[in-house]
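K.L.:
There's a structure below that I have some questions on.
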Amino acid sequence: MKSAGFSFIELMAALAIMAALLLIAVPSARLASQRHREAELRAALTEIRGAIDKYKKATEQGKISLKVGESGYPPNLTVLVDGVVDAGNPRGQKLYFLRRLPADPFYAGAATAPEATWGLRSYESPPDDPKAGDDVFDVFSQSAQTGLNGIPYSQW
């Protein structure tokens with residue numbers, strides 16, 4: 001009668017095969033997770049930048065009242081969600097540019113408001129040295145990490 005159990009050698013060989021498969025699967029899962037977060041970052045940057053551009057266009061069309069010296073870009077990111085009064089509407093309805101503000105998926109801090117996760121660049125700030133100011137001309141990731149394409153997330 002034959003034994004139904006595995007020998008020690010067969011068991012060790014099976015464990016070695018499973019360990020090798022895990023060595024392949026874990027980096028693949030990390031890579032897939034990073035790709036997913038990078039796709040979220042691209043989508044969030046596109047959405048926010050599009051809303052900033054729509055806000056600027058609305059000021060150029062006279063739908064948003066400007067004070068002397070203002071650039072026409074939003075003063076902060078929350079105004080894109082909270083809305084602004086449409087100067088061309090006699091009923092005082094608001095213009096909205098985002099339904100919600102996405103958070104930076106690579107933000108390393110604790111849970112915080114989405115607007116605090118982004119780095120801000122004002123209109124007067126040079127492109128190679130972005131700084132916050134009186135308006136929001138652009139947003140960028142504050143992450144120090146580098147993307148799979150070799151470009152730091154802060155430069156996307």
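By convention here, the chains of the structure tokens are called A, B, ... in the order presented, each chain's residues are numbered starting at 1, and ligands are numbered starting at 1 in the order presented.
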Any idea what's packed within 7 Å of Tyr96 (chain A), counting only C-alpha atoms, ignoring anything in its chain fewer than 3 positions away? Could you give it as a ChimeraX atom specification?
P.N.:
/A:80-84
K.L.:
Determine, for each residue of region 13-72 of chain A having at least one atom at most 10 Å from an atom of region 103-121 of chain A, the closest pair of atoms and their separation in Å to one decimal, counting only C-alpha atoms; order by chain and ascending number, as a Markdown table.
P.N.:
```
| residue | atom | partner | partner_atom | distance |
| --- | --- | --- | --- | --- |
| A:Gln34 | CA | A:Phe106 | CA | 9.5 |
| A:His36 | CA | A:Pro105 | CA | 9.6 |
| A:Arg37 | CA | A:Pro105 | CA | 6.0 |
| A:Glu38 | CA | A:Pro105 | CA | 7.9 |
| A:Ala39 | CA | A:Pro105 | CA | 9.5 |
| A:Glu40 | CA | A:Pro105 | CA | 6.7 |
| A:Leu41 | CA | A:Pro105 | CA | 6.1 |
| A:Arg42 | CA | A:Asp104 | CA | 9.8 |
| A:Ala44 | CA | A:Asp104 | CA | 7.3 |
| A:Leu45 | CA | A:Asp104 | CA | 8.6 |
```
K.L.:
So which residues of region 14-123 of chain A fall under strand (DSSP E or B) by DSSP, listed as a ChimeraX atom specification?
P.N.:
/A:84-85,94-95,118-121
K.L.:
Which residues come within 6 Å of Tyr73 (chain A), counting only C-alpha atoms, excluding same-chain residues fewer than 2 positions away, as a PyMOL selection string?
P.N.:
chain A and resi 56+71+135-136
K.L.:
Between A:Lys54, A:Pro74, A:Leu101, A:Ile151, single out the one closest to Gly133 (chain A), counting only C-alpha atoms.
P.N.:
A:Pro74
K.L.:
Nearest to Thr59 (chain A) among A:Gly92, A:Asp86, A:Ser7, A:Glu47, with distances taken over only C-alpha atoms: which residue is it?
P.N.:
A:Asp86
K.L.:
Which residues are close to Ser125 (chain A), i.e. within 12 Å by only C-alpha atoms, leaving aside same-chain residues fewer than 2 positions away? Reply as a VMD selection string.
P.N.:
chain A and resid 120 to 123 127 to 139
K.L.:
Could you go through region 2-154 of chain A and tell me which residues DSSP, when run on the backbone, assigns to helix (DSSP H, G or I), listing them as a VMD selection string?
P.N.:
chain A and resid 8 to 60 78 to 82 114 to 117 153 to 154
K.L.:
A:Leu23, A:Leu77, A:Pro90, A:Thr146: which is nearest Arg49 (chain A), counting only C-alpha atoms?
P.N.:
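With only C-alpha atoms as the atom set, the closest residue is A:Leu77.
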K.L.:
Give me, as a PyMOL selection string, all polymer residues having an atom no more than 10 Å from Pro152 (chain A), counting only C-alpha atoms and skipping those fewer than 6 positions away in the same chain.
P.N.:
chain A and resi 141-146
K.L.:
Taking 2 positions as the minimum chain separation for residues in the same chain, which residues sit within 10 Å of region 63-67 of chain A when counting only C-alpha atoms? Answer as a PyMOL selection string.
P.N.:
chain A and resi 55-61+69-73+84-89+94-95
K.L.:
Could you write out the selected residues, including C-alpha atoms, as an mmCIF file, in the first residue's frame?
P.N.:
```cif
data_model
loop_
_atom_site.group_PDB
_atom_site.id
_atom_site.type_symbol
_atom_site.label_atom_id
_atom_site.label_comp_id
_atom_site.auth_asym_id
_atom_site.auth_seq_id
_atom_site.Cartn_x
_atom_site.Cartn_y
_atom_site.Cartn_z
ATOM 1 C CA TYR A 55 -12.420 80.009 -14.367
ATOM 2 C CA LYS A 56 -9.945 82.205 -16.266
ATOM 3 C CA LYS A 57 -12.115 82.073 -19.398
ATOM 4 C CA ALA A 58 -15.177 83.075 -17.357
ATOM 5 C CA THR A 59 -13.294 86.141 -16.074
ATOM 6 C CA GLU A 60 -12.295 87.054 -19.634
ATOM 7 C CA GLN A 61 -15.961 86.785 -20.673
ATOM 8 C CA GLY A 69 -4.812 94.231 -10.307
ATOM 9 C CA GLU A 70 -6.313 90.716 -10.160
ATOM 10 C CA SER A 71 -5.051 88.219 -12.729
ATOM 11 C CA GLY A 72 -8.341 86.498 -13.424
ATOM 12 C CA TYR A 73 -7.197 83.174 -11.996
ATOM 13 C CA VAL A 84 -18.632 82.274 -7.656
ATOM 14 C CA VAL A 85 -21.528 84.586 -8.437
ATOM 15 C CA ASP A 86 -22.152 84.914 -12.171
ATOM 16 C CA ALA A 87 -21.850 88.673 -12.816
ATOM 17 C CA GLY A 88 -23.884 88.286 -16.003
ATOM 18 C CA ASN A 89 -26.835 86.610 -14.318
ATOM 19 C CA LYS A 94 -23.294 80.793 -9.136
ATOM 20 C CA LEU A 95 -20.820 79.327 -11.585
#
```
